[in-house]
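One structure below.
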Amino acid sequence: MCGIFGVTNNKNAAKLAYVGLFTLQHRGQESAGMVADDNGALSHHGDMGLVNKVFTADVLDGLRGRSAIGHIRYSTTGSSHVKNAQPLFFNSCLGQLAVAHNGNLTNAARLRAELQKTGAIFQSTTDSEIIIHLMAKYRGKTLEDTIAKNLPRLEGSYAFLFMAPGKVIAARDPNGIRPLVLGKLGRSYILASETCAIDVVGGNALREIEPGEMVTIEGGRPGFRRFAKAAPYTRCIFEQVYFARPDSVIVGRTVQLARREIGAMLAREMKGIKADIVSGIPDSGTAYALGFAQESGIPYQTVFMRNHYTGRSFIQPDQALREFTARLKLAPIKDVIKGHSILLIDDSLVRGTTSRKIVKSLKRAGAKKVIMAIASPAVISPCYYGIDTPDKGELIANNLSTDKIRRYIGADELYYISLESLTAACGNNSDRRFCAGCFTGIYPTKIGRFGGSGG
Ligand code: AMP
């Protein structure tokens, strides 16, 4: 759960990267960083906090040059430290080099141990640093050759941006698990985790970087090559379910439309259900509820007021903060709720904490009945590819039956959408598949002893 953004050949590179990172802020709020290239001299700034705190006007002015890459980070517990802020920046035998990574390497622990045994000294605890040590050790003729030679040693998920004097290089893992899009703004090329960031800076998204593909942007032009045969596309389905911004386009349509379609599919699966109103937990639940309302004929109403100044509650790595911000975040609109049976949609149910609080809040506000509908199947397995899900033991669907979960959250009824409907609504077909490991326990790559706390 991180966001990356890069721009080349633009006199306002750092400022555009700032806007791009700001747009991707929903992907991580822990730290932010940027590296800019001023005629071959790279400068770096990174710190803990939100994009607008990390990059003051002075800092941005200091990041001179016509290319910049940036990163915003969500960290898993225990690794919330400025030394892990990306892009990571090195002066090495390869020259000046920066790397920004979104994803998680599932063979990180093994690779790190191997590299340390032969003398590598790591400066961070992120798995993202491993690629640099591999590159320093196993070199090719050119920087691109070096990258292409080493990426196949990595297992797991990655969207990478590298910066070296005069060039920006992007690469995406052979399964295409994490997103990476190429865009254009005038003569500038842009690389971003989501199309929304390309839109906001005024550019156009051209296409995704393909699984197993690398692109080098140098001298204002992109050059493409493959470093691995593309495995079957298995994009992370949680991007559509929860993570991506509704205005981003994934496989040909906006996430908003995909979510409305998921909501409609859910309504079809729950055909005949009776409720006075349908609503969603803002923000992600709203699109599902709109699709459900249209399909079922049950009217949509807003039942919660969201306080937009709290940030995403889950994105605070500390449990005490998480609980506090969740309560602060959503306030029930009492007149809409009182005396009504409410069908409420949330994107996912992980530990059950959110649903339990929300149902309690609706009941306290006078709801006659609360039917909880979840726009994804039960989460039964952790994500090893960068979405922050807790260990198996904390996943409520692993421990309790659906009826016991219903009782735990205090709902009168509880439904989940089927995986078939979810993936169909997201555009599943024979060459366009999704990773749904969190719902199935089946993963598209080997899962080693998990040692990542990546980007
Ligand atoms: P829980 O409260 O543990 O059942 O988690 C489900 C709630 O958290 C839903 O409201 C989701 O919108 C949100 N959520 C699910 N997965 C994540 C995640 N990986 N990061 C942040 N929020 C999440």
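Order determines the names: the first chain of the structure tokens is A, the second B, and so forth; residues in each chain are numbered 1 upward, and ligands are numbered 1 upward as they are shown.
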
With the cut-off set at 9 Å and counting only C-alpha atoms and all ligand atoms, tabulate each residue of chain A with an atom at most that distance from an atom of ligand 1, showing the nearest atom pair and its distance in Å to one decimal, ordered by chain and increasing number, as a tab-separated table.
residue	atom	partner	partner_atom_place_in_ligand_line	distance
A:Met1	CA	ligand 1	19 (N)	7.8
A:Phe238	CA	ligand 1	16 (N)	8.2
A:Val241	CA	ligand 1	12 (O)	8.6
A:Tyr242	CA	ligand 1	12 (O)	6.1
A:Phe243	CA	ligand 1	18 (C)	7.4
A:Ile281	CA	ligand 1	10 (O)	7.1
A:Pro282	CA	ligand 1	12 (O)	8.4
A:Asp283	CA	ligand 1	12 (O)	8.2
A:Ser284	CA	ligand 1	12 (O)	6.7
A:Gly285	CA	ligand 1	12 (O)	7.6
A:Arg312	CA	ligand 1	21 (C)	6.9
A:Ser313	CA	ligand 1	22 (N)	7.0
A:Phe314	CA	ligand 1	21 (C)	4.3
A:Ile315	CA	ligand 1	21 (C)	5.6
A:Gln316	CA	ligand 1	21 (C)	8.8
A:Asp346	CA	ligand 1	10 (O)	5.8
A:Asp347	CA	ligand 1	12 (O)	5.4
A:Ser348	CA	ligand 1	9 (C)	4.9
A:Leu349	CA	ligand 1	4 (O)	3.8
A:Val350	CA	ligand 1	4 (O)	3.5
A:Arg351	CA	ligand 1	3 (O)	3.4
A:Gly352	CA	ligand 1	4 (O)	3.4
A:Thr353	CA	ligand 1	2 (O)	3.8
A:Thr354	CA	ligand 1	2 (O)	3.5
A:Ser355	CA	ligand 1	2 (O)	6.1
A:Arg356	CA	ligand 1	2 (O)	7.8
A:Lys357	CA	ligand 1	2 (O)	8.5
A:Cys383	CA	ligand 1	19 (N)	8.8
A:Gly386	CA	ligand 1	19 (N)	8.7
A:Ile387	CA	ligand 1	19 (N)	5.1
A:Asp388	CA	ligand 1	19 (N)	4.2
A:Thr389	CA	ligand 1	19 (N)	5.2
A:Pro390	CA	ligand 1	19 (N)	8.4
A:Glu394	CA	ligand 1	3 (O)	8.7
A:Leu395	CA	ligand 1	3 (O)	7.8
A:Ile396	CA	ligand 1	4 (O)	7.9

- Message: Please extract the residues of stretch 325-453 of chain A with a backbone DSSP assignment of strand (DSSP E) and present them as number ranges by chain.
- Response: A: 330-332, 341-346, 369-374, 413-416, 433-435

Let's have the selection written as a short mmCIF file (atom, residue, chain, number, x, y, z; two decimals), in the first residue's frame, with C-alpha atoms.
data_model
loop_
_atom_site.label_atom_id
_atom_site.label_comp_id
_atom_site.auth_asym_id
_atom_site.auth_seq_id
_atom_site.Cartn_x
_atom_site.Cartn_y
_atom_site.Cartn_z
CA LEU A 330 -18.49 8.72 10.78
CA ALA A 331 -21.50 10.41 12.36
CA PRO A 332 -25.03 9.04 11.83
CA SER A 341 -34.76 -0.81 8.08
CA ILE A 342 -31.42 -0.05 6.51
CA LEU A 343 -29.39 -2.10 4.08
CA LEU A 344 -25.85 -0.92 4.57
CA ILE A 345 -22.95 -1.78 2.26
CA ASP A 346 -19.27 -1.78 3.10
CA LYS A 369 -33.27 -3.22 11.32
CA VAL A 370 -29.73 -3.31 9.93
CA ILE A 371 -28.87 -5.58 7.02
CA MET A 372 -25.13 -5.57 6.38
CA ALA A 373 -24.00 -6.40 2.84
CA ILE A 374 -20.32 -6.70 1.97
CA GLU A 413 -28.71 -10.06 8.51
CA LEU A 414 -25.29 -10.35 6.86
CA TYR A 415 -24.44 -11.07 3.21
CA TYR A 416 -21.24 -11.21 1.18
CA ARG A 433 -7.56 -12.31 -14.22
CA PHE A 434 -7.25 -11.03 -10.71
CA CYS A 435 -5.33 -11.98 -7.61
#

- Take atom CA of A:Ala289 and atom CA of A:Arg260 and report the distance between them in Å, one decimal. 7.4 Å

- Task: Using only C-alpha atoms, find the one residue out of A:Asn107, A:Asn84, A:Ser296, A:Thr195 that sits nearest to A:Tyr385.
- Result: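 When distances to A:Tyr385 are compared using only C-alpha atoms, the smallest one comes from A:Asn107.
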
- Task: Please provide as an NGL selection string all residues within 7 Å of A:Val201, with the sequence filter that same-chain residues fewer than 5 positions apart are discarded (counting only C-alpha atoms).
- Result: :A and (16 or 19-20)

- Would you return as JSON, numbers by chain the members of stretch 239-339 of chain A that DSSP assigns to helix (DSSP H, G or I) on this structure's backbone? {"A": [239, 240, 241, 242, 243, 255, 256, 257, 258, 259, 260, 261, 262, 263, 264, 265, 266, 267, 268, 269, 284, 285, 286, 287, 288, 289, 290, 291, 292, 293, 294, 295, 296, 313, 314, 315, 319, 320, 321, 322, 323, 324, 325, 326, 327, 328, 329, 334, 335, 336, 337]}

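Distances here use only C-alpha atoms; by that measure, the residue among A:Asp403, A:Ala411, A:Ser31, A:Cys196 closest to A:Val359 is A:Ala411.
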
- Message: Excluding A:Ile177 and its own-chain neighbours fewer than 2 positions away, which residues fall within 9 Å of it when counting only C-alpha atoms? Please give them as JSON, numbers by chain.
- Response: {"A": [103, 156, 157, 158, 159, 172, 173, 174, 175, 179, 211, 233, 234, 235, 236, 237, 385, 434, 435, 444]}

- Selection: 12 Å around A:Gly291, only C-alpha atoms, excl. self and same-chain fewer than 5 positions, as a VMD selection string: chain A and resid 256 to 268 278 to 280 285 to 286 296 to 300 345 375 425

- Query: How far is it from atom CA of A:Ile132 to atom CA of A:His26, in Å with one decimal?
  - Reply: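 We find that atom CA of A:Ile132 and atom CA of A:His26 lie 27.1 Å from each other.
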
- Calculate how many Å separate atom CA of A:Ile4 from atom CA of A:Asn428, rounding to one decimal. 25.6 Å

- Which one of A:Ile72, A:Ala100, A:Ile130, A:Ala17 sits closest to A:Arg112 if you count only C-alpha atoms?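 Among the listed residues, A:Ile130 lies closest to A:Arg112.
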
- Query: Looking at only C-alpha atoms, which of A:Ile409, A:Leu88, A:Val200, A:Leu143 is the one that sits closest to A:His71?
  - Reply: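 Between A:Ile409, A:Leu88, A:Val200, A:Leu143, the residue approaching A:His71 most closely is A:Leu88.
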
- Just the residues within 12 Å of A:Gly166, please, counting only C-alpha atoms, with nothing from its chain fewer than 2 positions along; format it as a list in words.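 Skipping anything fewer than 2 positions along the chain leaves Thr8, Asn9, Ala36, Asp37, Asp38, Asn39, Gly40, Ala41, Leu42, Gly65, Arg66, Ser67, Ala68, Gly95, Gln96, Leu97, Leu143, Phe162, Met163, Ala164, Val168, Ile169, Thr216, Ile217, Glu218, Gly219, Gly220 and Arg221 of chain A.
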